[in-house]
$ cat coords17.txt   # compact mmCIF, C-alpha atoms
# COMPACT_ATOMS: atom_id res chain seq x y z
CA MET A 1 -103.61 -14.25 -14.55
CA ILE A 2 -100.00 -15.30 -14.08
CA ASP A 3 -97.17 -12.84 -14.61
CA ILE A 4 -95.75 -13.08 -18.14
CA PHE A 5 -92.17 -13.44 -16.91
CA VAL A 6 -93.19 -16.24 -14.54
CA PHE A 7 -95.07 -17.80 -17.45
CA PHE A 8 -92.01 -17.95 -19.65
CA SER A 9 -89.93 -19.35 -16.78
CA ILE A 10 -92.38 -22.27 -16.68
CA ILE A 11 -92.40 -23.08 -20.39
CA ILE A 12 -88.65 -22.99 -21.10
CA GLU A 13 -87.84 -25.97 -23.28
CA MET A 14 -86.09 -28.77 -21.38
CA ASP A 15 -83.71 -31.36 -22.79
CA GLU A 16 -85.39 -34.65 -23.73
CA GLU A 17 -82.98 -36.54 -21.46
CA TYR A 18 -84.09 -34.48 -18.49
CA ARG A 19 -84.97 -36.51 -15.42
CA LEU A 20 -86.35 -35.40 -12.09
CA ASP A 21 -83.84 -35.61 -9.25
CA PHE A 22 -86.00 -37.88 -7.12
CA GLU A 23 -86.33 -40.31 -10.05
CA LYS A 24 -82.60 -40.66 -10.71
CA PRO A 25 -82.09 -43.79 -8.54
CA LEU A 26 -84.98 -45.41 -10.40
CA VAL A 27 -83.57 -44.44 -13.80
CA GLU A 28 -80.18 -45.90 -12.86
CA LEU A 29 -81.77 -49.20 -11.82
CA GLU A 30 -83.77 -49.43 -15.04
CA LYS A 31 -80.64 -48.68 -17.04
CA LYS A 32 -78.79 -51.45 -15.23
CA ILE A 33 -81.60 -53.94 -15.98
CA LYS A 34 -81.50 -53.01 -19.67
CA GLU A 35 -77.72 -53.48 -19.77
CA LEU A 36 -77.98 -56.93 -18.17
CA GLU A 37 -80.76 -57.96 -20.56
CA ASP A 38 -78.73 -56.86 -23.58
CA TYR A 39 -75.59 -58.58 -22.29
CA SER A 40 -77.49 -61.80 -21.57
CA SER A 41 -79.02 -61.74 -25.07
CA LYS A 42 -75.65 -61.28 -26.76
CA THR A 43 -73.64 -63.77 -24.71
CA GLN A 44 -76.41 -66.31 -23.96
CA ILE A 45 -75.38 -66.18 -20.29
CA ASP A 46 -78.29 -66.73 -17.90
CA LEU A 47 -78.68 -63.62 -15.76
CA SER A 48 -82.37 -64.08 -15.03
CA SER A 49 -81.98 -64.32 -11.27
CA GLU A 50 -80.03 -61.05 -11.09
CA ILE A 51 -82.48 -59.32 -13.44
CA THR A 52 -85.45 -60.56 -11.37
CA ARG A 53 -83.81 -59.30 -8.20
CA LEU A 54 -83.27 -55.85 -9.72
CA ARG A 55 -86.84 -55.72 -11.02
CA GLU A 56 -88.19 -56.47 -7.56
CA ARG A 57 -85.95 -53.77 -6.17
CA THR A 58 -87.28 -51.38 -8.84
CA ILE A 59 -90.88 -52.06 -7.82
CA HIS A 60 -90.05 -51.48 -4.16
CA LEU A 61 -88.23 -48.25 -5.02
CA LYS A 62 -91.18 -47.00 -7.07
CA GLN A 63 -93.53 -47.69 -4.16
CA THR A 64 -91.22 -45.83 -1.79
CA ILE A 65 -90.71 -42.79 -4.02
CA PHE A 66 -94.25 -42.30 -5.29
CA SER A 67 -96.00 -42.91 -1.99
CA SER A 68 -94.32 -39.91 -0.35
CA LEU A 69 -94.19 -37.21 -3.01
CA SER A 70 -94.25 -33.58 -1.90
CA PRO A 71 -96.65 -31.09 -3.54
CA TRP A 72 -93.73 -29.59 -5.49
CA GLN A 73 -92.66 -33.00 -6.76
CA ARG A 74 -96.19 -33.60 -8.04
CA VAL A 75 -96.02 -30.26 -9.86
CA LEU A 76 -92.80 -31.39 -11.54
CA LEU A 77 -94.39 -34.71 -12.53
CA ALA A 78 -97.42 -32.88 -13.95
CA ARG A 79 -95.03 -30.95 -16.21
CA ASP A 80 -92.90 -33.91 -17.26
CA LEU A 81 -92.32 -33.87 -21.02
CA ASN A 82 -92.96 -37.61 -21.25
CA ARG A 83 -96.34 -37.40 -19.52
CA PRO A 84 -99.23 -38.41 -21.83
CA ALA A 85 -101.11 -35.39 -23.16
CA THR A 86 -104.54 -34.92 -24.73
CA THR A 87 -103.39 -36.02 -28.18
CA ASP A 88 -101.82 -39.18 -26.72
CA TYR A 89 -105.08 -40.15 -25.04
CA ILE A 90 -107.00 -39.53 -28.26
CA GLN A 91 -104.75 -42.02 -30.07
CA LEU A 92 -104.72 -44.60 -27.27
CA MET A 93 -108.34 -44.48 -26.11
CA PHE A 94 -110.71 -43.17 -28.73
CA ASP A 95 -112.45 -45.32 -31.34
CA GLU A 96 -113.23 -42.20 -33.35
CA PHE A 97 -112.28 -38.52 -33.23
CA ILE A 98 -113.35 -35.80 -35.67
CA GLU A 99 -111.58 -32.52 -34.93
CA LEU A 100 -113.50 -29.24 -35.14
CA HIS A 101 -111.77 -25.91 -35.73
CA GLY A 102 -112.14 -22.18 -35.24
CA ASP A 103 -114.04 -19.72 -33.06
CA LYS A 104 -115.98 -18.09 -35.96
CA ALA A 105 -114.52 -14.72 -35.00
CA TYR A 106 -110.73 -14.57 -35.08
CA LYS A 107 -108.78 -17.79 -35.72
CA ASP A 108 -108.24 -21.41 -34.74
CA ASP A 109 -106.25 -21.54 -31.48
CA LYS A 110 -104.09 -24.67 -31.54
CA ALA A 111 -103.77 -24.64 -27.73
CA ILE A 112 -107.35 -26.00 -27.53
CA ILE A 113 -108.40 -29.14 -29.38
CA CYS A 114 -112.08 -30.00 -29.85
CA GLY A 115 -113.93 -32.77 -31.61
CA PHE A 116 -116.70 -35.33 -31.82
CA SER A 117 -115.46 -38.44 -30.02
CA ARG A 118 -116.46 -42.02 -29.38
CA ILE A 119 -115.30 -44.57 -26.78
CA ALA A 120 -116.87 -48.03 -26.53
CA GLY A 121 -120.04 -46.86 -28.26
CA ARG A 122 -120.39 -43.74 -26.10
CA LYS A 123 -120.42 -40.47 -28.05
CA PHE A 124 -119.34 -37.15 -26.58
CA MET A 125 -117.61 -33.85 -27.34
CA LEU A 126 -113.98 -33.65 -26.28
CA ILE A 127 -112.47 -30.30 -25.32
CA GLY A 128 -108.83 -30.35 -24.24
CA HIS A 129 -105.65 -28.35 -23.86
CA ARG A 130 -102.94 -29.23 -26.36
CA LYS A 131 -99.30 -28.56 -25.46
CA GLY A 132 -97.55 -30.16 -28.43
CA LYS A 133 -95.11 -33.07 -28.51
CA ASN A 134 -91.94 -31.41 -29.81
CA THR A 135 -90.41 -27.94 -29.89
CA GLN A 136 -92.14 -26.87 -33.11
CA GLU A 137 -95.55 -28.14 -31.99
CA ARG A 138 -95.17 -26.54 -28.56
CA LEU A 139 -94.54 -23.17 -30.16
CA VAL A 140 -97.57 -23.56 -32.44
CA CYS A 141 -99.73 -24.65 -29.48
CA ASN A 142 -98.26 -21.92 -27.25
CA PHE A 143 -97.32 -24.59 -24.70
CA GLY A 144 -100.98 -25.23 -23.93
CA SER A 145 -101.73 -21.64 -22.94
CA ALA A 146 -104.82 -20.57 -24.86
CA HIS A 147 -105.80 -17.14 -26.15
CA PRO A 148 -109.39 -15.83 -25.94
CA GLU A 149 -110.19 -17.39 -29.31
CA GLY A 150 -109.31 -20.77 -27.84
CA TYR A 151 -111.90 -20.41 -25.10
CA ARG A 152 -114.46 -19.05 -27.58
CA LYS A 153 -113.80 -22.08 -29.79
CA ALA A 154 -114.28 -24.38 -26.80
CA MET A 155 -117.63 -22.82 -25.89
CA ASP A 156 -118.84 -22.86 -29.50
CA LYS A 157 -118.24 -26.63 -29.64
CA MET A 158 -119.83 -27.12 -26.22
CA ARG A 159 -122.95 -25.37 -27.49
CA LEU A 160 -122.91 -27.75 -30.44
CA ALA A 161 -122.73 -30.70 -28.05
CA GLU A 162 -125.67 -29.31 -26.09
CA LYS A 163 -127.68 -28.96 -29.33
CA PHE A 164 -127.12 -32.61 -30.24
CA HIS A 165 -127.59 -33.86 -26.63
CA LEU A 166 -123.99 -35.05 -26.37
CA PRO A 167 -122.10 -35.09 -23.05
CA ILE A 168 -118.86 -33.12 -22.80
CA VAL A 169 -115.47 -34.36 -21.57
CA THR A 170 -112.66 -31.89 -20.96
CA PHE A 171 -108.95 -32.64 -20.50
CA ILE A 172 -107.23 -29.88 -18.53
CA ASN A 173 -103.47 -29.44 -18.96
CA THR A 174 -102.21 -25.86 -18.96
CA PRO A 175 -99.88 -23.66 -16.89
CA GLY A 176 -102.45 -20.89 -17.36
CA ALA A 177 -104.16 -18.80 -20.01
CA TYR A 178 -101.76 -16.78 -22.15
CA PRO A 179 -101.05 -13.44 -20.41
CA GLY A 180 -99.74 -11.44 -23.37
CA ILE A 181 -100.91 -8.03 -24.55
CA GLY A 182 -102.70 -9.39 -27.62
CA ALA A 183 -104.70 -11.82 -25.51
CA GLU A 184 -105.70 -9.04 -23.13
CA GLU A 185 -106.69 -6.78 -26.02
CA ARG A 186 -108.99 -9.49 -27.36
CA GLY A 187 -110.71 -10.00 -23.99
CA GLN A 188 -108.93 -12.86 -22.23
CA ALA A 189 -110.55 -12.34 -18.83
CA TYR A 190 -114.02 -11.92 -20.33
CA ALA A 191 -113.66 -15.05 -22.50
CA ILE A 192 -112.74 -17.16 -19.45
CA ALA A 193 -115.45 -15.62 -17.25
CA LYS A 194 -118.08 -16.20 -19.95
CA ASN A 195 -117.03 -19.84 -20.29
CA ILE A 196 -117.31 -20.34 -16.54
CA TYR A 197 -120.85 -18.93 -16.55
CA ASP A 198 -121.97 -20.72 -19.72
CA MET A 199 -120.61 -24.10 -18.59
CA SER A 200 -122.50 -23.77 -15.32
CA VAL A 201 -125.83 -23.77 -17.18
CA LEU A 202 -125.17 -26.03 -20.18
CA LYS A 203 -127.99 -28.56 -20.49
CA THR A 204 -125.78 -31.61 -20.95
CA PRO A 205 -123.50 -33.68 -18.68
CA ILE A 206 -119.95 -32.34 -18.28
CA ILE A 207 -116.94 -34.33 -17.03
CA CYS A 208 -113.73 -32.38 -16.34
CA ILE A 209 -110.42 -34.19 -15.82
CA VAL A 210 -107.08 -32.59 -14.90
CA ILE A 211 -104.49 -34.76 -16.69
CA GLY A 212 -101.43 -32.62 -15.92
CA GLU A 213 -101.25 -28.96 -15.01
CA GLY A 214 -104.39 -27.17 -13.86
CA GLY A 215 -103.22 -23.59 -13.72
CA SER A 216 -105.39 -20.61 -12.80
CA GLY A 217 -108.14 -19.27 -15.08
CA GLY A 218 -106.64 -21.20 -17.97
CA ALA A 219 -107.92 -24.36 -16.34
CA LEU A 220 -111.25 -22.90 -15.21
CA GLY A 221 -112.06 -21.85 -18.78
CA ILE A 222 -112.88 -25.49 -19.58
CA GLY A 223 -113.11 -26.74 -16.00
CA ILE A 224 -116.71 -26.31 -14.81
CA GLY A 225 -118.72 -29.52 -14.76
CA ASP A 226 -120.80 -32.12 -12.97
CA THR A 227 -117.83 -34.35 -12.19
CA LEU A 228 -114.33 -33.02 -11.51
CA ALA A 229 -111.49 -35.52 -11.39
CA ILE A 230 -107.73 -35.25 -11.25
CA LEU A 231 -104.94 -37.69 -12.02
CA GLU A 232 -102.86 -38.82 -9.08
CA ASN A 233 -99.79 -36.81 -10.09
CA ALA A 234 -101.50 -33.72 -11.47
CA TYR A 235 -102.24 -30.41 -9.75
CA PHE A 236 -104.98 -27.74 -9.74
CA SER A 237 -104.25 -24.28 -8.42
CA VAL A 238 -105.34 -20.64 -8.46
CA ILE A 239 -101.79 -19.70 -9.49
CA SER A 240 -98.54 -21.43 -10.35
CA PRO A 241 -96.11 -22.03 -7.47
CA GLU A 242 -93.60 -19.74 -9.21
CA GLY A 243 -96.18 -16.99 -9.56
CA CYS A 244 -97.20 -17.33 -5.92
CA ALA A 245 -93.57 -17.20 -4.77
CA ALA A 246 -92.89 -14.13 -6.91
CA ILE A 247 -95.86 -12.29 -5.37
CA LEU A 248 -95.42 -13.32 -1.72
CA TRP A 249 -91.63 -13.45 -1.41
CA ARG A 250 -90.40 -11.82 -4.64
CA ASP A 251 -88.34 -14.95 -5.06
CA GLY A 252 -89.20 -17.68 -7.58
CA ALA A 253 -86.81 -20.04 -5.81
CA LYS A 254 -89.42 -20.40 -3.06
CA ALA A 255 -91.76 -22.19 -5.48
CA PRO A 256 -91.51 -25.53 -3.57
CA GLU A 257 -92.60 -23.77 -0.37
CA ALA A 258 -95.43 -22.05 -2.25
CA ALA A 259 -96.61 -25.40 -3.69
CA GLY A 260 -97.08 -26.71 -0.16
CA SER A 261 -98.99 -23.63 0.95
CA LEU A 262 -101.28 -23.63 -2.08
CA LYS A 263 -102.71 -27.07 -1.20
CA LEU A 264 -102.73 -27.96 -4.89
CA SER A 265 -102.24 -31.73 -4.55
CA PRO A 266 -105.13 -34.12 -5.36
CA GLN A 267 -105.57 -35.25 -1.76
CA PHE A 268 -106.03 -31.68 -0.49
CA LEU A 269 -108.40 -30.87 -3.36
CA VAL A 270 -110.67 -33.80 -2.54
CA GLN A 271 -110.56 -33.06 1.20
CA ASN A 272 -111.64 -29.46 0.53
CA GLY A 273 -114.48 -30.49 -1.75
CA ILE A 274 -113.00 -29.03 -4.94
CA MET A 275 -112.32 -32.32 -6.74
CA ASP A 276 -114.64 -35.31 -6.68
CA ASP A 277 -112.24 -38.11 -7.60
CA ILE A 278 -108.56 -38.95 -7.80
CA ILE A 279 -107.76 -41.18 -10.78
CA PRO A 280 -104.85 -43.51 -9.89
CA GLU A 281 -101.80 -43.70 -12.12
CA PRO A 282 -99.72 -46.80 -12.90
CA LEU A 283 -96.94 -47.44 -10.41
CA GLY A 284 -94.16 -44.99 -11.24
CA GLY A 285 -96.44 -42.42 -12.84
CA ALA A 286 -98.34 -41.96 -16.09
CA HIS A 287 -95.18 -40.79 -17.87
CA ARG A 288 -93.72 -44.29 -17.51
CA ASN A 289 -96.70 -46.22 -18.80
CA HIS A 290 -98.94 -44.44 -21.30
CA LYS A 291 -100.90 -47.53 -22.29
CA ASP A 292 -101.95 -48.53 -18.77
CA MET A 293 -102.78 -44.92 -17.89
CA ALA A 294 -105.00 -44.70 -20.97
CA GLU A 295 -106.87 -47.85 -19.94
CA ILE A 296 -107.45 -46.51 -16.43
CA LEU A 297 -108.68 -43.18 -17.76
CA LYS A 298 -110.88 -44.85 -20.38
CA LYS A 299 -112.65 -46.90 -17.72
CA TYR A 300 -113.19 -43.82 -15.58
CA ILE A 301 -114.73 -41.87 -18.48
CA ILE A 302 -117.04 -44.74 -19.44
CA ASP A 303 -118.25 -45.14 -15.84
CA ALA A 304 -118.74 -41.39 -15.41
CA LEU A 305 -120.68 -41.05 -18.68
CA ASP A 306 -122.93 -43.98 -17.80
CA LYS A 307 -123.61 -42.54 -14.35
CA LEU A 308 -124.45 -39.01 -15.52
CA LYS A 309 -126.68 -40.01 -18.44
CA THR A 310 -129.27 -41.36 -15.99
CA VAL A 311 -129.67 -37.98 -14.23
CA PRO A 312 -132.50 -35.75 -15.57
CA ILE A 313 -131.21 -32.40 -16.89
CA PRO A 314 -133.05 -30.20 -14.33
CA GLU A 315 -131.61 -32.29 -11.50
CA LEU A 316 -128.17 -32.24 -13.15
CA LEU A 317 -128.16 -28.44 -13.33
CA GLU A 318 -129.30 -28.07 -9.72
CA LYS A 319 -126.59 -30.44 -8.48
CA ARG A 320 -123.99 -28.59 -10.53
CA TYR A 321 -125.12 -25.28 -9.04
CA GLN A 322 -125.02 -26.61 -5.47
CA LYS A 323 -121.64 -28.23 -6.07
CA TYR A 324 -119.98 -24.89 -6.75
CA ARG A 325 -121.92 -23.08 -4.06
CA ARG A 326 -120.39 -25.44 -1.50
CA ILE A 327 -116.78 -24.78 -2.51
CA GLY A 328 -115.05 -22.53 0.01
CA ARG A 329 -117.75 -22.93 2.66
CA PHE A 330 -116.37 -23.62 6.13
CA ILE A 331 -118.09 -23.90 9.50
CA ASP A 332 -115.94 -23.50 12.59
CA GLU A 333 -116.98 -24.61 16.07
CA GLU A 334 -118.25 -21.17 17.12
CA THR A 335 -120.38 -20.75 13.99
CA GLN A 336 -121.70 -24.27 14.33
CA GLY A 337 -122.81 -23.49 17.89
CA ILE A 338 -124.75 -20.43 16.70
CA GLU A 339 -126.43 -22.48 13.96
CA ASP A 340 -127.38 -25.16 16.47
CA ARG A 341 -129.00 -22.60 18.79
CA LYS A 342 -131.00 -21.13 15.88
CA GLN A 343 -132.46 -24.55 15.22

$ encode --input "coords17.txt" --output "structure tokens"
Amino acid sequence: MIDIFVFFSIIIEMDEEYRLDFEKPLVELEKKIKELEDYSSKTQIDLSSEITRLRERTIHLKQTIFSSLSPWQRVLLARDLNRPATTDYIQLMFDEFIELHGDKAYKDDKAIICGFSRIAGRKFMLIGHRKGKNTQERLVCNFGSAHPEGYRKAMDKMRLAEKFHLPIVTFINTPGAYPGIGAEERGQAYAIAKNIYDMSVLKTPIICIVIGEGGSGGALGIGIGDTLAILENAYFSVISPEGCAAILWRDGAKAPEAAGSLKLSPQFLVQNGIMDDIIPEPLGGAHRNHKDMAEILKKYIIDALDKLKTVPIPELLEKRYQKYRRIGRFIDEETQGIEDRKQ
């Protein structure tokens, strides 16, 4: 569980004009192109050759910037206010969505959104973190940090999906579960732990996708499945970089260094057997092209659903069990030699 003071340092509201430092040259080029297009339209002067040249330069700059991002830069992209969230994907991708509410015990946590969903004729239950799109919504949704009732709501709807033989798709996007006193009093740790256990034995296919932030137990609470995927500029970590820096160095300013040590980038996660797939983003990031990102994600979900529906449930559960048993298992040269001699 992340420290509450670190938590609030993460969710401080940023100005809508905020831009990441490493994107500023790109923003300036795009602004220049827009100015030339507007000027050409008003004056009827042909500036197409100059505009084309700048567009080519923009593409090259995007390739240069986004092919060499540091782990910390990916964290910043995952948190970008313009990045498409769960509600954006619902509007852009889904043919039908019927929202379901409440945990039948306390209240309806707005930080978790659930509902019957349909894409290209494929029906499933969607469970996702909801951060909100403006200041008021973010406060209502607690910036995507769920309380115990949010995780109880998620599991209640997953059980419903299991009953009706529907697969489950989860969209993970949270800095972490809410660490306040009220959440702890209502059993935050137990709610997350119970979800982890229950998801591991649900008799229906589960696809988990990290679309932005994948922070700590808040992500794991809806993050156990048969297929784990992560967007190219998202992250998945046992703790936030700020929380790690505060614990190890007592200095939140060392968050970029902590991000590198945590190995939270998609490439490291796949290499270490934690994630199965990296879902590519449009050139320049998902925050610059919601529509194309939605199409890419839609295709991935359709393919994953079609693949998993052919696997018998007993086999599915066994593969899911073995998948998580393998995480964290390492064999060094000395151990491998011992194993070879035993054989």

$ closest_residue --input "coords17.txt" --among "A:Thr58, A:Gln91, A:Ser41, A:Ser48" --to "Val27 in chain A" --atoms "all atoms listed in the file"
A:Thr58

$ residues_around --input "coords17.txt" --residues "range 204-221 of chain A" --least-positions-apart "6" --cutoff "6 Å" --atoms "only C-alpha atoms" --output "PDB file with C-alpha atoms, keeping the file's coordinate frame"
ATOM      1  CA  ALA A  78     -97.420 -32.880 -13.950  1.00  0.00           C
ATOM      2  CA  GLU A 162    -125.670 -29.310 -26.090  1.00  0.00           C
ATOM      3  CA  PRO A 167    -122.100 -35.090 -23.050  1.00  0.00           C
ATOM      4  CA  ILE A 168    -118.860 -33.120 -22.800  1.00  0.00           C
ATOM      5  CA  VAL A 169    -115.470 -34.360 -21.570  1.00  0.00           C
ATOM      6  CA  THR A 170    -112.660 -31.890 -20.960  1.00  0.00           C
ATOM      7  CA  PHE A 171    -108.950 -32.640 -20.500  1.00  0.00           C
ATOM      8  CA  ILE A 172    -107.230 -29.880 -18.530  1.00  0.00           C
ATOM      9  CA  ASN A 173    -103.470 -29.440 -18.960  1.00  0.00           C
ATOM     10  CA  THR A 174    -102.210 -25.860 -18.960  1.00  0.00           C
ATOM     11  CA  PRO A 175     -99.880 -23.660 -16.890  1.00  0.00           C
ATOM     12  CA  GLY A 176    -102.450 -20.890 -17.360  1.00  0.00           C
ATOM     13  CA  ALA A 177    -104.160 -18.800 -20.010  1.00  0.00           C
ATOM     14  CA  ILE A 192    -112.740 -17.160 -19.450  1.00  0.00           C
ATOM     15  CA  ASN A 195    -117.030 -19.840 -20.290  1.00  0.00           C
ATOM     16  CA  ILE A 196    -117.310 -20.340 -16.540  1.00  0.00           C
ATOM     17  CA  THR A 227    -117.830 -34.350 -12.190  1.00  0.00           C
ATOM     18  CA  LEU A 228    -114.330 -33.020 -11.510  1.00  0.00           C
ATOM     19  CA  ALA A 229    -111.490 -35.520 -11.390  1.00  0.00           C
ATOM     20  CA  ILE A 230    -107.730 -35.250 -11.250  1.00  0.00           C
ATOM     21  CA  LEU A 231    -104.940 -37.690 -12.020  1.00  0.00           C
ATOM     22  CA  ALA A 234    -101.500 -33.720 -11.470  1.00  0.00           C
ATOM     23  CA  TYR A 235    -102.240 -30.410  -9.750  1.00  0.00           C
ATOM     24  CA  PHE A 236    -104.980 -27.740  -9.740  1.00  0.00           C
ATOM     25  CA  SER A 237    -104.250 -24.280  -8.420  1.00  0.00           C
ATOM     26  CA  VAL A 238    -105.340 -20.640  -8.460  1.00  0.00           C
ATOM     27  CA  ILE A 239    -101.790 -19.700  -9.490  1.00  0.00           C
TER      28      ILE A 239
END

$ residues_near_point --input "coords17.txt" --point "(-108.4, -17.4, -27.4)" --cutoff "12 Å" --atoms "only C-alpha atoms" --output "number ranges by chain"
A: 102-113, 129, 141-142, 144-156, 177-180, 182-192, 195, 218, 221

$ write_last_selection --input "coords17.txt" --atoms "C-alpha atoms" --output "PDB file, in the frame of the given file"
ATOM      1  CA  GLY A 102    -112.140 -22.180 -35.240  1.00  0.00           C
ATOM      2  CA  ASP A 103    -114.040 -19.720 -33.060  1.00  0.00           C
ATOM      3  CA  LYS A 104    -115.980 -18.090 -35.960  1.00  0.00           C
ATOM      4  CA  ALA A 105    -114.520 -14.720 -35.000  1.00  0.00           C
ATOM      5  CA  TYR A 106    -110.730 -14.570 -35.080  1.00  0.00           C
ATOM      6  CA  LYS A 107    -108.780 -17.790 -35.720  1.00  0.00           C
ATOM      7  CA  ASP A 108    -108.240 -21.410 -34.740  1.00  0.00           C
ATOM      8  CA  ASP A 109    -106.250 -21.540 -31.480  1.00  0.00           C
ATOM      9  CA  LYS A 110    -104.090 -24.670 -31.540  1.00  0.00           C
ATOM     10  CA  ALA A 111    -103.770 -24.640 -27.730  1.00  0.00           C
ATOM     11  CA  ILE A 112    -107.350 -26.000 -27.530  1.00  0.00           C
ATOM     12  CA  ILE A 113    -108.400 -29.140 -29.380  1.00  0.00           C
ATOM     13  CA  HIS A 129    -105.650 -28.350 -23.860  1.00  0.00           C
ATOM     14  CA  CYS A 141     -99.730 -24.650 -29.480  1.00  0.00           C
ATOM     15  CA  ASN A 142     -98.260 -21.920 -27.250  1.00  0.00           C
ATOM     16  CA  GLY A 144    -100.980 -25.230 -23.930  1.00  0.00           C
ATOM     17  CA  SER A 145    -101.730 -21.640 -22.940  1.00  0.00           C
ATOM     18  CA  ALA A 146    -104.820 -20.570 -24.860  1.00  0.00           C
ATOM     19  CA  HIS A 147    -105.800 -17.140 -26.150  1.00  0.00           C
ATOM     20  CA  PRO A 148    -109.390 -15.830 -25.940  1.00  0.00           C
ATOM     21  CA  GLU A 149    -110.190 -17.390 -29.310  1.00  0.00           C
ATOM     22  CA  GLY A 150    -109.310 -20.770 -27.840  1.00  0.00           C
ATOM     23  CA  TYR A 151    -111.900 -20.410 -25.100  1.00  0.00           C
ATOM     24  CA  ARG A 152    -114.460 -19.050 -27.580  1.00  0.00           C
ATOM     25  CA  LYS A 153    -113.800 -22.080 -29.790  1.00  0.00           C
ATOM     26  CA  ALA A 154    -114.280 -24.380 -26.800  1.00  0.00           C
ATOM     27  CA  MET A 155    -117.630 -22.820 -25.890  1.00  0.00           C
ATOM     28  CA  ASP A 156    -118.840 -22.860 -29.500  1.00  0.00           C
ATOM     29  CA  ALA A 177    -104.160 -18.800 -20.010  1.00  0.00           C
ATOM     30  CA  TYR A 178    -101.760 -16.780 -22.150  1.00  0.00           C
ATOM     31  CA  PRO A 179    -101.050 -13.440 -20.410  1.00  0.00           C
ATOM     32  CA  GLY A 180     -99.740 -11.440 -23.370  1.00  0.00           C
ATOM     33  CA  GLY A 182    -102.700  -9.390 -27.620  1.00  0.00           C
ATOM     34  CA  ALA A 183    -104.700 -11.820 -25.510  1.00  0.00           C
ATOM     35  CA  GLU A 184    -105.700  -9.040 -23.130  1.00  0.00           C
ATOM     36  CA  GLU A 185    -106.690  -6.780 -26.020  1.00  0.00           C
ATOM     37  CA  ARG A 186    -108.990  -9.490 -27.360  1.00  0.00           C
ATOM     38  CA  GLY A 187    -110.710 -10.000 -23.990  1.00  0.00           C
ATOM     39  CA  GLN A 188    -108.930 -12.860 -22.230  1.00  0.00           C
ATOM     40  CA  ALA A 189    -110.550 -12.340 -18.830  1.00  0.00           C
ATOM     41  CA  TYR A 190    -114.020 -11.920 -20.330  1.00  0.00           C
ATOM     42  CA  ALA A 191    -113.660 -15.050 -22.500  1.00  0.00           C
ATOM     43  CA  ILE A 192    -112.740 -17.160 -19.450  1.00  0.00           C
ATOM     44  CA  ASN A 195    -117.030 -19.840 -20.290  1.00  0.00           C
ATOM     45  CA  GLY A 218    -106.640 -21.200 -17.970  1.00  0.00           C
ATOM     46  CA  GLY A 221    -112.060 -21.850 -18.780  1.00  0.00           C
TER      47      GLY A 221
END

$ closest_atom_pairs --input "coords17.txt" --of "range 144-224 of chain A" --to "range 318-326 of chain A" --cutoff "9 Å" --atoms "all atoms listed in the file" --output "Markdown table"
| residue | atom | partner | partner_atom | distance |
| --- | --- | --- | --- | --- |
| A:Ser200 | CA | A:Arg320 | CA | 7.0 |
| A:Val201 | CA | A:Tyr321 | CA | 8.3 |
| A:Ile224 | CA | A:Arg320 | CA | 8.7 |

$ residues_around --input "coords17.txt" --residues "range 252-264 of chain A" --least-positions-apart "2" --cutoff "10 Å" --atoms "all atoms listed in the file" --output "PyMOL selection string"
chain A and resi 6+9+70-76+214-215+234-250+266-269+272

$ closest_residue --input "coords17.txt" --among "A:Glu295, A:Asp276, A:Glu281, A:Asp226" --to "Ile313 in chain A" --atoms "only C-alpha atoms"
A:Asp226

$ closest_residue --input "coords17.txt" --among "A:Ile327, A:Met125, A:Ala294, A:Leu166" --to "Val270 in chain A" --atoms "all atoms listed in the file"
A:Ile327

$ axis_aligned_box --input "coords17.txt" --around "range 227-231 of chain A" --padding-each-side "6 Å" --output "JSON"
{"center_x": -111.4, "center_y": -35.4, "center_z": -11.7, "size_x": 24.9, "size_y": 16.7, "size_z": 12.9}

$ closest_residue --input "coords17.txt" --among "A:Ser68, A:Asn233, A:Ser265, A:Thr87" --to "Pro282 in chain A" --atoms "all atoms listed in the file"
A:Asn233

$ closest_residue --input "coords17.txt" --among "A:Glu28, A:Asp95, A:Glu232, A:Glu37" --to "His287 in chain A" --atoms "only C-alpha atoms"
A:Glu232

$ closest_residue --input "coords17.txt" --among "A:Ile90, A:Leu316, A:Leu139, A:Ile65" --to "Lys291 in chain A" --atoms "all atoms listed in the file"
A:Ile90

$ atom_distance --input "coords17.txt" --atom1 "CA of Gly284 in chain A" --atom2 "CA of Phe66 in chain A"
6.5 Å

$ atom_distance --input "coords17.txt" --atom1 "CA of Ile119 in chain A" --atom2 "CA of Ile296 in chain A"
13.1 Å

$ residues_around --input "coords17.txt" --residues "Glu96 in chain A" --least-positions-apart "5" --cutoff "8 Å" --atoms "all atoms listed in the file" --output "ChimeraX atom specification"
/A:116-119

$ atom_distance --input "coords17.txt" --atom1 "CA of Leu305 in chain A" --atom2 "CA of Lys133 in chain A"
28.5 Å
